[in-house]
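Visitor: One structure follows; several queries about it will come next.
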Amino acid sequence: MPGIKSLEDLKKAREEALKKRELKAASGTAQVIVGMGTCGIAAGARDAMKAILETIETDAISGVIVTQTGCIGLCEKEPIVQVVIGEQPKVTYGKVTPEVARRIMKEHVTGGKVVESNKINL
Amino acid sequence: MRELSLHLLDIAENSISAGASRIEIVLSEDSALDLLQMSIIDNGKGMSKEMIAQVTDPFITSRTTRKVGLGIPLLKAAAEDCNGSLNITSEPGIGTELTVKFQRSHIDRMPIGDLVSTIINLIICNPLIHWIFSYHYNEKNAIFDDEPVKQALGDFPLTEPEILTCIRSMVEETIQEVNPHFSQDIVTIYNQPLRR
Ligand SMILES: Nc1ncnc2c1ncn2[C@@H]1O[C@H](COP(=O)(O)OP(=O)(O)O)[C@@H](O)[C@H]1O
Ligand SMILES: [Mg+2]
């Protein structure tokens with residue numbers, strides 16, 4: 001069970017995050033989806049996910065929703081990552097190594113510029 | 001997949017797809033019994049007896065995107081290669097329990113691998129599911145139940161950077177509490193050449 005101390009830490013982290021978020025302009029919410037079917041996992045989807053979460057921490061990226069999905073039937077292009085920003089159409093990326101995942105977070109999710117090298121046209 | 005933690009991610013995905021709202025993961029290591037065991041217990045839609053018989057056969061899946069399911073057969077084969085087994089008990093409408101056992105010292109037994117990344121991945125990406133992770137190491141055990149965490153957060157998202165850091169250290173602490181050498185184990189195992 002998480003101890004009392006860690007729960008206190010958590011509440012403090014929440015307060016700090018809330019303060020920072022109030023200062024931020026309302027940016028469009030971003031959603032990042034990683035394919036976690038068997039093929040995705042075997043191809044390295046967890047490492048892509050790890051890089052995404054670590055980039056959120058190191059770059060203090062706020063307002064991103066990260067989710068996983070099952071097999072989307074593009075096994076040969078795994079690991080697959082999809083990004084939806086606000087009302088814009090969904091962008092699908094293939095062969096997402098941890099390095100590519102970090103670029104997607106920095107260039108697309110934060111910077112608004114699609115990482116063309118790994119974009120898949122469905 | 002050369003990591004039990006990757007198989008865990010894959011098997012848990014079945015529970016998520018089955019619509020589970022509560023998923024419990026139990027990992028236990030017992031050196032006296034020379035046993036490494038992992039159970040994934042969910043309250044998803046469950047499977048009939050016939051379905052259970054079929055899913056351990058690599059040519060059955062209820063997915064529509066591809067004709068064969070591979071996750072369960074792969075893990076079963078890996079366990080059987082290590083004097084172990086894979087067992088499923090399930091009841092339609094109630095839930096499913098999958099248990100896999102390995103002879104812990106078997107030369108071909110895959111490492112547990114990056115357990116923290118797998119647990120964090122599951123918790124963060126599936127915030128509507130109640131996750132319980134318990135780890136038993138010989139006579140010691142510890143539980144990480146994400147319910148108190150979510151209560152403390154209210155509807156605050158788990159993906160905020162500060163929260164991510166906090167949850168990661170809680171999961172790490174749970175594992176370290178039971179097995180202080182866990183991270184070193186990962187390093188030594190990663191340095192071993194791949195067999196096969
Ligand atoms: N926990 C579970 N609850 C309900 N059904 C399950 C569960 N685990 C597996 N199944 C069924 O078994 C099938 C085979 O699973 P698996 O071997 O992982 O392959 P896949 O997930 O690619 O279909 C799934 O498609 C699903 O119908
Ligand atoms: Mg599966």
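Letters A, B, ... mark the chains of the structure tokens in the order given; residue numbers begin at 1 per chain; ligand numbers begin at 1, in order shown.
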Dump as a tab-separated table the rows for residues of chain B within 10 Å of ligand 2: closest atom pair and distance in Å with one decimal, only C-alpha atoms and all ligand atoms counted, ordered by chain and rising residue number.
Guide:
```
residue	atom	partner	partner_atom_place_in_ligand_line	distance
B:His7	CA	ligand 2	1 (Mg)	9.3
B:Leu9	CA	ligand 2	1 (Mg)	9.2
B:Asp10	CA	ligand 2	1 (Mg)	5.6
B:Ile11	CA	ligand 2	1 (Mg)	5.7
B:Ala12	CA	ligand 2	1 (Mg)	7.9
B:Glu13	CA	ligand 2	1 (Mg)	6.0
B:Asn14	CA	ligand 2	1 (Mg)	4.8
B:Ser15	CA	ligand 2	1 (Mg)	8.5
B:Ile16	CA	ligand 2	1 (Mg)	9.7
B:Ser17	CA	ligand 2	1 (Mg)	8.5
B:Val55	CA	ligand 2	1 (Mg)	9.7
B:Thr61	CA	ligand 2	1 (Mg)	8.5
B:Ser62	CA	ligand 2	1 (Mg)	9.9
B:Arg63	CA	ligand 2	1 (Mg)	9.1
B:Gly69	CA	ligand 2	1 (Mg)	6.5
B:Leu70	CA	ligand 2	1 (Mg)	6.9
B:Gly71	CA	ligand 2	1 (Mg)	4.8
B:Ile72	CA	ligand 2	1 (Mg)	6.7
B:Pro73	CA	ligand 2	1 (Mg)	9.7
```
Visitor: Using only C-alpha atoms, determine which residues of chain A fall within 10 Å of chain B; present them as a VMD selection string.
Guide: chain A and resid 1 to 4 6 to 18 21 32 to 34 36 to 47 49 to 50 53 to 75
Visitor: How many Å lie between CA of Val100 in chain A and atom 18 (O, counted along the ligand's line) of ligand 1, rounded to one decimal?
Guide: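 Separation of CA of Val100 in chain A and atom 18 (O, counted along the ligand's line) of ligand 1: 27.3 Å.
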Visitor: So that I can check the surroundings of Pro111 in chain B, please list as a ChimeraX atom specification every protein, DNA and RNA residue that reaches within 7 Å of it, counting only C-alpha atoms and ignoring chain neighbours fewer than 2 positions away.
Guide: /B:3-4,109,113,189
